[in-house]
>>> print(open('work25.tsv').read())   # TSV, C-alpha atoms
chain	number	residue	atom	x	y	z
J	1	TYR	CA	35.67	-46.48	-7.34
J	2	GLN	CA	32.47	-47.56	-9.10
J	3	ARG	CA	30.46	-46.78	-5.97
J	4	ARG	CA	32.06	-43.35	-5.78
J	5	VAL	CA	31.35	-42.63	-9.45
J	6	HIS	CA	27.81	-43.88	-9.04
J	7	GLY	CA	27.37	-41.69	-5.96
J	8	ASP	CA	28.65	-38.61	-7.79
J	9	TYR	CA	26.27	-39.34	-10.65
J	10	GLN	CA	23.31	-39.66	-8.28
J	11	ASN	CA	24.24	-36.40	-6.55
J	12	LYS	CA	24.50	-34.59	-9.88
J	13	LYS	CA	21.18	-36.09	-10.94
J	14	LYS	CA	19.52	-34.85	-7.75
J	15	SER	CA	21.05	-31.42	-8.28
J	16	MET	CA	19.71	-31.29	-11.83
J	17	HIS	CA	16.26	-32.34	-10.64
J	18	LEU	CA	16.35	-29.57	-8.03
J	19	ILE	CA	17.37	-26.96	-10.61
J	20	VAL	CA	14.62	-28.07	-12.99
J	21	PHE	CA	12.07	-27.95	-10.15
J	22	LEU	CA	13.11	-24.45	-9.12
J	23	LEU	CA	13.02	-23.18	-12.68
J	24	ALA	CA	9.59	-24.70	-13.23
J	25	ALA	CA	8.33	-23.24	-9.96
J	26	PHE	CA	9.68	-19.80	-10.84
J	27	ALA	CA	8.13	-19.96	-14.30
J	28	GLY	CA	4.84	-20.89	-12.72
J	29	ILE	CA	5.02	-17.97	-10.33
J	30	ARG	CA	5.92	-15.51	-13.06
J	31	GLY	CA	3.07	-16.84	-15.16
J	32	LYS	CA	0.62	-16.06	-12.38
J	33	GLU	CA	1.70	-12.47	-11.87
J	34	GLU	CA	-1.23	-10.09	-11.75
J	35	LYS	CA	-1.40	-6.68	-13.34
J	36	SER	CA	-3.25	-4.29	-11.07
J	37	ASN	CA	-4.95	-0.94	-10.92
J	38	VAL	CA	-2.82	0.98	-8.43
J	39	PHE	CA	-4.04	4.20	-6.84
J	40	ILE	CA	-1.42	6.34	-5.09
J	41	VAL	CA	-2.53	8.90	-2.49
J	42	PHE	CA	0.35	11.36	-2.05
J	43	ALA	CA	0.55	13.71	0.93
J	44	HIS	CA	3.54	16.06	0.84
J	45	GLN	CA	3.66	19.80	0.16
J	46	GLU	CA	7.04	19.89	-1.60
J	47	PRO	CA	7.43	18.47	-5.13
J	48	LYS	CA	11.24	18.25	-4.64
J	49	SER	CA	10.96	16.27	-1.39
J	50	PHE	CA	12.24	12.72	-0.94
J	51	CYS	CA	8.61	11.65	-0.55
J	52	ALA	CA	8.05	12.98	-4.07
J	53	ALA	CA	11.09	11.02	-5.29
J	54	ILE	CA	9.55	7.89	-3.79
J	55	LYS	CA	6.24	8.63	-5.49
J	56	ASN	CA	7.95	9.10	-8.85
J	57	ALA	CA	9.93	5.87	-8.42
J	58	CYS	CA	6.69	4.02	-7.66
J	59	ILE	CA	4.92	5.41	-10.72
J	60	GLU	CA	7.79	4.68	-13.11
J	61	THR	CA	8.31	1.13	-11.83
J	62	LEU	CA	4.63	0.20	-11.71
J	63	GLN	CA	4.02	1.44	-15.24
J	64	ALA	CA	7.12	-0.38	-16.49
J	65	GLU	CA	5.71	-3.56	-14.91
J	66	GLY	CA	2.46	-3.14	-16.84
J	67	HIS	CA	0.26	-1.90	-14.01
J	68	LYS	CA	-2.19	0.96	-14.47
J	69	VAL	CA	-1.56	3.88	-12.12
J	70	ARG	CA	-3.59	6.84	-10.90
J	71	VAL	CA	-2.32	9.48	-8.47
J	72	THR	CA	-4.01	12.00	-6.20
J	73	ASP	CA	-1.81	14.77	-4.79
J	74	LEU	CA	-3.70	15.91	-1.69
J	75	TYR	CA	-2.02	19.31	-1.43
J	76	SER	CA	-2.63	20.08	-5.10
J	77	LEU	CA	-6.22	18.99	-4.60
J	78	LYS	CA	-6.34	21.28	-1.52
J	79	MET	CA	-8.09	18.57	0.48
J	80	PHE	CA	-7.89	20.63	3.67
J	81	ASN	CA	-11.50	20.85	4.82
J	82	GLN	CA	-12.81	18.52	7.48
J	83	ILE	CA	-15.97	16.64	6.57
J	84	ASP	CA	-18.90	19.07	6.73
J	85	ARG	CA	-22.07	20.14	4.93
J	86	THR	CA	-20.09	21.42	1.93
J	87	ASP	CA	-19.22	17.83	0.96
J	88	PHE	CA	-22.80	17.35	-0.29
J	89	THR	CA	-24.96	18.97	-2.93
J	90	GLU	CA	-28.07	18.21	-0.87
J	91	LEU	CA	-28.71	16.98	2.68
J	92	VAL	CA	-31.09	14.46	4.19
J	93	ASN	CA	-31.51	16.70	7.23
J	94	PRO	CA	-30.43	20.33	6.66
J	95	ASP	CA	-31.28	21.21	10.28
J	96	TYR	CA	-28.94	18.73	11.97
J	97	PHE	CA	-25.76	17.54	10.28
J	98	ARG	CA	-24.76	13.94	10.92
J	99	PRO	CA	-21.84	12.93	8.65
J	100	GLN	CA	-22.45	9.19	8.66
J	101	VAL	CA	-26.12	9.59	7.85
J	102	GLU	CA	-25.38	11.93	4.94
J	103	GLN	CA	-22.58	9.70	3.61
J	104	GLY	CA	-24.74	6.59	3.90
J	105	SER	CA	-27.63	8.27	2.11
J	106	SER	CA	-25.39	9.50	-0.71
J	107	ASN	CA	-23.77	6.07	-1.10
J	108	GLU	CA	-27.22	4.50	-1.49
J	109	LYS	CA	-27.51	6.75	-4.55
J	110	GLU	CA	-24.05	5.75	-5.83
J	111	GLY	CA	-22.55	8.95	-4.42
J	112	ALA	CA	-24.90	11.20	-6.38
J	113	THR	CA	-25.07	13.91	-3.70
J	114	PHE	CA	-21.32	14.16	-3.07
J	115	ILE	CA	-19.53	17.16	-4.58
J	116	GLU	CA	-17.57	16.55	-7.77
J	117	GLU	CA	-14.08	16.22	-6.21
J	118	LEU	CA	-15.30	13.53	-3.81
J	119	ARG	CA	-17.10	11.65	-6.58
J	120	ARG	CA	-13.83	11.64	-8.53
J	121	GLU	CA	-11.93	10.23	-5.56
J	122	ARG	CA	-14.62	7.60	-5.01
J	123	ASP	CA	-14.16	6.52	-8.62
J	124	ASN	CA	-10.40	6.22	-8.09
J	125	LEU	CA	-10.83	4.14	-4.94
J	126	LYS	CA	-13.44	1.91	-6.58
J	127	TRP	CA	-11.18	1.42	-9.63
J	128	ALA	CA	-8.11	0.42	-7.61
J	129	ASN	CA	-7.02	-3.08	-6.65
J	130	ILE	CA	-4.13	-1.67	-4.62
J	131	ILE	CA	-4.15	1.62	-2.69
J	132	ILE	CA	-0.76	3.07	-1.68
J	133	THR	CA	-0.42	6.07	0.63
J	134	ILE	CA	2.89	7.97	0.57
J	135	PHE	CA	3.52	10.54	3.30
J	136	PRO	CA	6.00	11.95	5.83
J	137	ILE	CA	5.73	11.48	9.58
J	138	TYR	CA	5.13	14.74	11.47
J	139	LEU	CA	5.61	14.62	15.26
J	140	GLY	CA	5.01	10.88	15.25
J	141	TYR	CA	1.84	10.92	13.13
J	142	HIS	CA	0.70	11.05	9.53
J	143	PRO	CA	-0.24	14.49	8.10
J	144	GLY	CA	-3.66	15.84	9.05
J	145	ILE	CA	-4.57	16.26	5.38
J	146	LEU	CA	-4.32	12.48	4.92
J	147	GLN	CA	-6.65	11.89	7.87
J	148	THR	CA	-9.09	14.38	6.35
J	149	TYR	CA	-8.97	12.53	3.03
J	150	VAL	CA	-9.76	9.20	4.69
J	151	GLU	CA	-12.66	10.69	6.67
J	152	ARG	CA	-14.17	12.26	3.55
J	153	THR	CA	-13.70	9.38	1.11
J	154	PHE	CA	-13.61	6.10	3.09
J	155	SER	CA	-17.25	6.68	3.88
J	156	TYR	CA	-19.97	4.57	5.46
J	157	GLY	CA	-21.77	2.47	2.87
J	158	PHE	CA	-18.83	2.71	0.50
J	159	ALA	CA	-15.56	1.66	2.17
J	160	PHE	CA	-17.12	0.15	5.29
J	161	GLY	CA	-20.54	-0.82	6.59
J	162	PRO	CA	-22.94	-2.70	4.28
J	163	LYS	CA	-20.43	-2.37	1.44
J	164	THR	CA	-16.68	-2.65	1.87
J	165	PHE	CA	-13.34	-2.62	0.11
J	166	GLU	CA	-13.09	-6.37	0.62
J	167	GLY	CA	-10.38	-7.85	-1.61
J	168	LYS	CA	-8.51	-4.58	-2.12
J	169	LYS	CA	-4.95	-4.28	-0.79
J	170	GLY	CA	-3.46	-1.35	1.08
J	171	MET	CA	0.14	-0.27	1.65
J	172	MET	CA	1.78	2.63	3.47
J	173	ILE	CA	5.12	4.17	2.46
J	174	TYR	CA	6.41	6.86	4.79
J	175	THR	CA	9.51	8.89	5.56
J	176	THR	CA	10.83	9.91	8.96
J	177	GLY	CA	13.22	12.54	10.25
J	178	ALA	CA	14.49	10.32	13.05
J	179	PRO	CA	16.64	7.18	12.67
J	180	LYS	CA	15.01	3.77	13.01
J	181	ASP	CA	16.22	3.06	16.55
J	182	ARG	CA	14.34	6.07	17.92
J	183	ILE	CA	10.84	5.49	16.52
J	184	LYS	CA	9.67	2.09	17.76
J	185	GLU	CA	6.63	3.66	19.46
J	186	MET	CA	5.76	5.56	16.29
J	187	GLU	CA	5.87	2.38	14.23
J	188	GLU	CA	3.48	0.74	16.66
J	189	ARG	CA	1.06	3.59	15.96
J	190	MET	CA	1.53	3.09	12.23
J	191	PHE	CA	0.77	-0.61	12.70
J	192	ALA	CA	-2.38	0.11	14.72
J	193	MET	CA	-3.62	2.68	12.20
J	194	ARG	CA	-3.03	0.37	9.24
J	195	GLU	CA	-4.69	-2.63	10.83
J	196	ALA	CA	-7.68	-0.68	12.17
J	197	CYS	CA	-8.47	0.85	8.77
J	198	ALA	CA	-7.89	-2.43	6.93
J	199	SER	CA	-10.04	-4.40	9.36
J	200	LEU	CA	-12.89	-1.89	9.18
J	201	CYS	CA	-12.87	-1.93	5.38
J	202	ARG	CA	-11.99	-5.66	5.12
J	203	MET	CA	-8.93	-4.82	3.07
J	204	LYS	CA	-5.79	-6.92	2.89
J	205	THR	CA	-2.54	-5.34	3.99
J	206	ILE	CA	0.87	-5.25	2.35
J	207	PRO	CA	3.80	-4.67	4.74
J	208	SER	CA	4.64	-0.99	5.03
J	209	TYR	CA	7.91	0.55	3.90
J	210	ALA	CA	9.73	3.26	5.86
J	211	ALA	CA	12.66	5.44	4.78
J	212	TYR	CA	14.31	6.56	8.01
J	213	GLY	CA	16.25	9.69	8.93
J	214	ILE	CA	15.83	11.51	5.63
J	215	PRO	CA	17.39	14.83	6.77
J	216	ILE	CA	20.49	13.10	8.14
J	217	VAL	CA	21.28	10.17	5.83
J	218	ASP	CA	23.70	10.48	2.91
J	219	TYR	CA	23.02	10.30	-0.83
J	220	GLU	CA	23.95	6.60	-1.08
J	221	THR	CA	21.42	5.70	1.61
J	222	LYS	CA	18.68	7.60	-0.17
J	223	GLN	CA	19.51	5.79	-3.41
J	224	LYS	CA	19.32	2.52	-1.48
J	225	TYR	CA	15.86	3.49	-0.22
J	226	LEU	CA	14.70	4.25	-3.77
J	227	ALA	CA	16.07	0.93	-5.06
J	228	GLU	CA	14.19	-0.91	-2.30
J	229	VAL	CA	10.98	0.96	-3.12
J	230	ARG	CA	11.33	0.01	-6.80
J	231	GLN	CA	11.81	-3.63	-5.84
J	232	ARG	CA	8.73	-3.49	-3.65
J	233	MET	CA	6.72	-2.23	-6.61
J	234	ILE	CA	8.09	-5.03	-8.81
J	235	ASP	CA	7.14	-7.59	-6.16
J	236	LEU	CA	3.54	-6.35	-5.90
J	237	SER	CA	2.59	-8.80	-8.65
J	238	LEU	CA	3.56	-11.69	-6.37
J	239	ILE	CA	1.38	-10.60	-3.48
J	240	HIS	CA	-2.00	-12.31	-3.63
J	241	ILE	CA	-2.97	-12.56	0.02
J	242	SER	CA	-2.24	-10.53	3.11
J	243	GLU	CA	0.58	-11.24	5.51
J	244	PRO	CA	-0.87	-12.28	8.91
J	245	THR	CA	-1.06	-9.41	11.37
J	246	ARG	CA	2.31	-8.64	12.95
J	247	ARG	CA	3.23	-5.91	15.44
J	248	TYR	CA	6.77	-5.54	14.10
J	249	ALA	CA	8.15	-5.51	10.58
J	250	ILE	CA	9.51	-8.68	9.00
J	251	SER	CA	12.00	-9.03	6.18
J	252	TYR	CA	10.25	-8.28	2.90
J	253	ALA	CA	12.31	-11.02	1.27
J	254	VAL	CA	10.79	-13.48	3.76
J	255	PHE	CA	7.32	-12.06	3.02
J	256	CYS	CA	7.67	-12.58	-0.74
J	257	LEU	CA	9.22	-16.01	-0.27
J	258	LYS	CA	6.14	-17.08	1.67
J	259	LYS	CA	3.93	-15.80	-1.13
J	260	LYS	CA	5.96	-17.72	-3.74
J	261	LYS	CA	5.69	-20.94	-1.75
J	262	LYS	CA	1.93	-20.56	-1.40
J	263	ILE	CA	1.50	-19.80	-5.09
J	264	THR	CA	3.70	-22.74	-6.08
J	265	HIS	CA	1.67	-25.16	-3.98
>>> encode(input="work25.tsv", output="structure tokens")
Amino acid sequence: YQRRVHGDYQNKKKSMHLIVFLLAAFAGIRGKEEKSNVFIVFAHQEPKSFCAAIKNACIETLQAEGHKVRVTDLYSLKMFNQIDRTDFTELVNPDYFRPQVEQGSSNEKEGATFIEELRRERDNLKWANIIITIFPIYLGYHPGILQTYVERTFSYGFAFGPKTFEGKKGMMIYTTGAPKDRIKEMEERMFAMREACASLCRMKTIPSYAAYGIPIVDYETKQKYLAEVRQRMIDLSLIHISEPTRRYAISYAVFCLKKKKKITH
């Protein structure tokens, strides 16, 4: 009987030690949360779209968590033009246009020869610790306006080349018309695009989030998507380093658990 009582006591003691350890670890993690400058690049034409609902959920949650947020709406900005001579107020070589040469020259002057709208976007990108792109998938790809934005702003000598976005974090949030089981190939393209851009600019990546089958899912599913997006925004404070490159998605709970363990140790 005494041995049994003693054993129960020891088990309870171990349980209490475990609880204290977990509480201390959690307090330590919460104490190390970082408040960030988050820049959202939004690419959808319709302000009543589910993409817009995701954007609004991100903004509200991030601000409630104490982060600073800036947003660029690409369609409102009318960022339709491909990179050309009109991006610059003056050219190094007016007779033969070479985009990388002109971008590199302007970046050596801190962007002085870019037009005003591009200088503003450069300031947003420079200001941000975390860059989030929110967009729909069209025919298996991101919208062309988003590609145009990247070509015009992620320029040589600013985002990549001699100077980079090293230390910044990037995340994609996208919606699809098709259900998840029909878009494996598309997600591989998303993976390749994310990793190529991040590698070129030396950015760290945060696992993407996809809301599948928007035209066909019910209201409850859409609310579930929004709740998951809000939780992802809350968890941004716990993400300090990039998840190793993976071809397929992993559980975000597993991702954050790994971050907590690393921070705790």
>>> residues_near_point(input="work25.tsv", point="(11.2, 5.4, -11.7)", cutoff="12 Å", atoms="only C-alpha atoms", output="PyMOL selection string")
chain J and resi 52-65+223+226-231+233-234
>>> atom_distance(input="work25.tsv", atom1="CA of Pro94 (chain J)", atom2="CA of Pro162 (chain J)")
24.3 Å
>>> closest_atom_pairs(input="work25.tsv", of="region 31-98 of chain J", to="region 131-138 of chain J", cutoff="9 Å", atoms="only C-alpha atoms", output="JSON lines")
{"residue": "J:Asn37", "atom": "CA", "partner": "J:Ile131", "partner_atom": "CA", "distance": 8.7}
{"residue": "J:Val38", "atom": "CA", "partner": "J:Ile131", "partner_atom": "CA", "distance": 5.9}
{"residue": "J:Phe39", "atom": "CA", "partner": "J:Ile131", "partner_atom": "CA", "distance": 4.9}
{"residue": "J:Ile40", "atom": "CA", "partner": "J:Ile132", "partner_atom": "CA", "distance": 4.8}
{"residue": "J:Val41", "atom": "CA", "partner": "J:Thr133", "partner_atom": "CA", "distance": 4.7}
{"residue": "J:Phe42", "atom": "CA", "partner": "J:Ile134", "partner_atom": "CA", "distance": 5.0}
{"residue": "J:Ala43", "atom": "CA", "partner": "J:Phe135", "partner_atom": "CA", "distance": 4.9}
{"residue": "J:His44", "atom": "CA", "partner": "J:Phe135", "partner_atom": "CA", "distance": 6.0}
{"residue": "J:Cys51", "atom": "CA", "partner": "J:Phe135", "partner_atom": "CA", "distance": 6.5}
{"residue": "J:Ala52", "atom": "CA", "partner": "J:Ile134", "partner_atom": "CA", "distance": 8.6}
{"residue": "J:Ile54", "atom": "CA", "partner": "J:Ile134", "partner_atom": "CA", "distance": 8.0}
{"residue": "J:Lys55", "atom": "CA", "partner": "J:Ile134", "partner_atom": "CA", "distance": 7.0}
>>> atom_distance(input="work25.tsv", atom1="CA of His67 (chain J)", atom2="CA of Cys201 (chain J)")
23.4 Å
>>> residues_around(input="work25.tsv", residues="Met79 (chain J)", least_positions_apart="6", cutoff="8 Å", atoms="all atoms listed in the file", output="list in words")
Ile145, Thr148 and Tyr149 of chain J
>>> closest_residue(input="work25.tsv", among="J:Ala192, J:Pro143, J:Glu110, J:Gln103", to="Phe160 (chain J)", atoms="only C-alpha atoms")
J:Gln103
>>> atom_distance(input="work25.tsv", atom1="CA of Ser208 (chain J)", atom2="CA of Glu220 (chain J)")
21.6 Å
>>> residues_around(input="work25.tsv", residues="Ser155 (chain J)", least_positions_apart="4", cutoff="12 Å", atoms="all atoms listed in the file", output="PyMOL selection string")
chain J and resi 83+87+99-108+110-111+114+118-119+121-122+125+148-151+159-165+197+200-201
>>> residues_around(input="work25.tsv", residues="Gly213 (chain J)", least_positions_apart="6", cutoff="6 Å", atoms="all atoms listed in the file", output="PyMOL selection string")
chain J and resi 176-179
>>> residues_near_point(input="work25.tsv", point="(-5.7, -6.4, 1.2)", cutoff="8 Å", atoms="only C-alpha atoms", output="JSON, numbers by chain")
{"J": [130, 166, 167, 168, 169, 170, 198, 202, 203, 204, 205, 206, 241, 242]}
>>> write_last_selection(input="work25.tsv", atoms="C-alpha atoms", output="tab-separated table (two decimals), keeping the file's coordinate frame")
chain	number	residue	atom	x	y	z
J	130	ILE	CA	-4.13	-1.67	-4.62
J	166	GLU	CA	-13.09	-6.37	0.62
J	167	GLY	CA	-10.38	-7.85	-1.61
J	168	LYS	CA	-8.51	-4.58	-2.12
J	169	LYS	CA	-4.95	-4.28	-0.79
J	170	GLY	CA	-3.46	-1.35	1.08
J	198	ALA	CA	-7.89	-2.43	6.93
J	202	ARG	CA	-11.99	-5.66	5.12
J	203	MET	CA	-8.93	-4.82	3.07
J	204	LYS	CA	-5.79	-6.92	2.89
J	205	THR	CA	-2.54	-5.34	3.99
J	206	ILE	CA	0.87	-5.25	2.35
J	241	ILE	CA	-2.97	-12.56	0.02
J	242	SER	CA	-2.24	-10.53	3.11
>>> residues_around(input="work25.tsv", residues="Tyr141 (chain J)", least_positions_apart="4", cutoff="8 Å", atoms="all atoms listed in the file", output="VMD selection string")
chain J and resid 137 186 189 to 190
>>> axis_aligned_box(input="work25.tsv", around="region 134-146 of chain J", padding_each_side="4 Å", output="lines of an AutoDock Vina configuration file")
center_x = 0.7
center_y = 12.1
center_z = 7.9
size_x = 18.6
size_y = 16.3
size_z = 22.7
>>> decode(input="work25.tsv", residues="region 192-223 of chain J", atoms="N, CA and C atoms", output="PDB file, in the first residue's frame")
ATOM      1  N   ALA J 192       7.127  25.636 -57.169  1.00  0.00           N
ATOM      2  CA  ALA J 192       8.300  26.024 -57.955  1.00  0.00           C
ATOM      3  C   ALA J 192       8.431  27.532 -58.052  1.00  0.00           C
ATOM      4  N   MET J 193       7.302  28.221 -58.263  1.00  0.00           N
ATOM      5  CA  MET J 193       7.326  29.681 -58.373  1.00  0.00           C
ATOM      6  C   MET J 193       7.774  30.312 -57.065  1.00  0.00           C
ATOM      7  N   ARG J 194       7.223  29.840 -55.958  1.00  0.00           N
ATOM      8  CA  ARG J 194       7.567  30.395 -54.651  1.00  0.00           C
ATOM      9  C   ARG J 194       9.045  30.208 -54.350  1.00  0.00           C
ATOM     10  N   GLU J 195       9.527  28.987 -54.562  1.00  0.00           N
ATOM     11  CA  GLU J 195      10.921  28.700 -54.205  1.00  0.00           C
ATOM     12  C   GLU J 195      11.901  29.406 -55.122  1.00  0.00           C
ATOM     13  N   ALA J 196      11.568  29.534 -56.410  1.00  0.00           N
ATOM     14  CA  ALA J 196      12.468  30.212 -57.346  1.00  0.00           C
ATOM     15  C   ALA J 196      12.622  31.682 -56.974  1.00  0.00           C
ATOM     16  N   CYS J 197      11.494  32.343 -56.704  1.00  0.00           N
ATOM     17  CA  CYS J 197      11.537  33.766 -56.337  1.00  0.00           C
ATOM     18  C   CYS J 197      12.253  33.963 -55.011  1.00  0.00           C
ATOM     19  N   ALA J 198      11.941  33.112 -54.037  1.00  0.00           N
ATOM     20  CA  ALA J 198      12.562  33.234 -52.717  1.00  0.00           C
ATOM     21  C   ALA J 198      14.066  32.992 -52.789  1.00  0.00           C
ATOM     22  N   SER J 199      14.459  31.989 -53.563  1.00  0.00           N
ATOM     23  CA  SER J 199      15.886  31.684 -53.686  1.00  0.00           C
ATOM     24  C   SER J 199      16.639  32.824 -54.355  1.00  0.00           C
ATOM     25  N   LEU J 200      16.055  33.384 -55.410  1.00  0.00           N
ATOM     26  CA  LEU J 200      16.697  34.475 -56.137  1.00  0.00           C
ATOM     27  C   LEU J 200      16.896  35.694 -55.241  1.00  0.00           C
ATOM     28  N   CYS J 201      15.898  35.976 -54.415  1.00  0.00           N
ATOM     29  CA  CYS J 201      15.942  37.157 -53.554  1.00  0.00           C
ATOM     30  C   CYS J 201      16.476  36.851 -52.157  1.00  0.00           C
ATOM     31  N   ARG J 202      16.813  35.581 -51.897  1.00  0.00           N
ATOM     32  CA  ARG J 202      17.309  35.120 -50.597  1.00  0.00           C
ATOM     33  C   ARG J 202      16.300  35.360 -49.477  1.00  0.00           C
ATOM     34  N   MET J 203      15.027  35.249 -49.833  1.00  0.00           N
ATOM     35  CA  MET J 203      13.972  35.388 -48.833  1.00  0.00           C
ATOM     36  C   MET J 203      13.704  34.046 -48.174  1.00  0.00           C
ATOM     37  N   LYS J 204      13.098  34.093 -47.001  1.00  0.00           N
ATOM     38  CA  LYS J 204      12.622  32.896 -46.332  1.00  0.00           C
ATOM     39  C   LYS J 204      11.154  32.692 -46.699  1.00  0.00           C
ATOM     40  N   THR J 205      10.726  31.445 -46.722  1.00  0.00           N
ATOM     41  CA  THR J 205       9.357  31.179 -47.129  1.00  0.00           C
ATOM     42  C   THR J 205       8.510  30.663 -45.972  1.00  0.00           C
ATOM     43  N   ILE J 206       7.271  31.107 -45.957  1.00  0.00           N
ATOM     44  CA  ILE J 206       6.258  30.622 -45.025  1.00  0.00           C
ATOM     45  C   ILE J 206       5.328  29.725 -45.832  1.00  0.00           C
ATOM     46  N   PRO J 207       4.943  28.566 -45.336  1.00  0.00           N
ATOM     47  CA  PRO J 207       4.071  27.675 -46.115  1.00  0.00           C
ATOM     48  C   PRO J 207       2.833  28.398 -46.640  1.00  0.00           C
ATOM     49  N   SER J 208       2.524  28.135 -47.898  1.00  0.00           N
ATOM     50  CA  SER J 208       1.373  28.775 -48.535  1.00  0.00           C
ATOM     51  C   SER J 208       0.064  28.272 -47.934  1.00  0.00           C
ATOM     52  N   TYR J 209      -0.999  29.051 -48.188  1.00  0.00           N
ATOM     53  CA  TYR J 209      -2.339  28.614 -47.794  1.00  0.00           C
ATOM     54  C   TYR J 209      -3.235  28.665 -49.022  1.00  0.00           C
ATOM     55  N   ALA J 210      -4.016  27.606 -49.247  1.00  0.00           N
ATOM     56  CA  ALA J 210      -4.936  27.549 -50.376  1.00  0.00           C
ATOM     57  C   ALA J 210      -6.357  27.313 -49.887  1.00  0.00           C
ATOM     58  N   ALA J 211      -7.295  28.061 -50.451  1.00  0.00           N
ATOM     59  CA  ALA J 211      -8.725  27.836 -50.210  1.00  0.00           C
ATOM     60  C   ALA J 211      -9.293  27.230 -51.492  1.00  0.00           C
ATOM     61  N   TYR J 212      -9.683  25.977 -51.420  1.00  0.00           N
ATOM     62  CA  TYR J 212     -10.025  25.210 -52.617  1.00  0.00           C
ATOM     63  C   TYR J 212     -11.518  25.281 -52.956  1.00  0.00           C
ATOM     64  N   GLY J 213     -11.803  25.197 -54.273  1.00  0.00           N
ATOM     65  CA  GLY J 213     -13.171  25.023 -54.748  1.00  0.00           C
ATOM     66  C   GLY J 213     -14.137  26.120 -54.339  1.00  0.00           C
ATOM     67  N   ILE J 214     -13.712  27.359 -54.388  1.00  0.00           N
ATOM     68  CA  ILE J 214     -14.533  28.459 -53.882  1.00  0.00           C
ATOM     69  C   ILE J 214     -15.931  28.523 -54.528  1.00  0.00           C
ATOM     70  N   PRO J 215     -16.087  28.316 -55.830  1.00  0.00           N
ATOM     71  CA  PRO J 215     -17.440  28.404 -56.405  1.00  0.00           C
ATOM     72  C   PRO J 215     -18.369  27.261 -55.995  1.00  0.00           C
ATOM     73  N   ILE J 216     -17.809  26.178 -55.439  1.00  0.00           N
ATOM     74  CA  ILE J 216     -18.649  25.003 -55.192  1.00  0.00           C
ATOM     75  C   ILE J 216     -18.788  24.634 -53.715  1.00  0.00           C
ATOM     76  N   VAL J 217     -17.977  25.217 -52.850  1.00  0.00           N
ATOM     77  CA  VAL J 217     -18.077  24.858 -51.433  1.00  0.00           C
ATOM     78  C   VAL J 217     -19.191  25.657 -50.764  1.00  0.00           C
ATOM     79  N   ASP J 218     -19.667  25.167 -49.618  1.00  0.00           N
ATOM     80  CA  ASP J 218     -20.772  25.831 -48.925  1.00  0.00           C
ATOM     81  C   ASP J 218     -20.263  26.936 -47.989  1.00  0.00           C
ATOM     82  N   TYR J 219     -21.189  27.635 -47.383  1.00  0.00           N
ATOM     83  CA  TYR J 219     -20.888  28.765 -46.504  1.00  0.00           C
ATOM     84  C   TYR J 219     -20.017  28.339 -45.330  1.00  0.00           C
ATOM     85  N   GLU J 220     -20.341  27.194 -44.728  1.00  0.00           N
ATOM     86  CA  GLU J 220     -19.578  26.708 -43.563  1.00  0.00           C
ATOM     87  C   GLU J 220     -18.124  26.464 -43.928  1.00  0.00           C
ATOM     88  N   THR J 221     -17.881  25.915 -45.112  1.00  0.00           N
ATOM     89  CA  THR J 221     -16.502  25.673 -45.542  1.00  0.00           C
ATOM     90  C   THR J 221     -15.748  26.980 -45.729  1.00  0.00           C
ATOM     91  N   LYS J 222     -16.410  27.966 -46.293  1.00  0.00           N
ATOM     92  CA  LYS J 222     -15.759  29.267 -46.473  1.00  0.00           C
ATOM     93  C   LYS J 222     -15.428  29.910 -45.129  1.00  0.00           C
ATOM     94  N   GLN J 223     -16.322  29.759 -44.155  1.00  0.00           N
ATOM     95  CA  GLN J 223     -16.043  30.288 -42.827  1.00  0.00           C
ATOM     96  C   GLN J 223     -14.870  29.554 -42.188  1.00  0.00           C
TER      97      GLN J 223
END
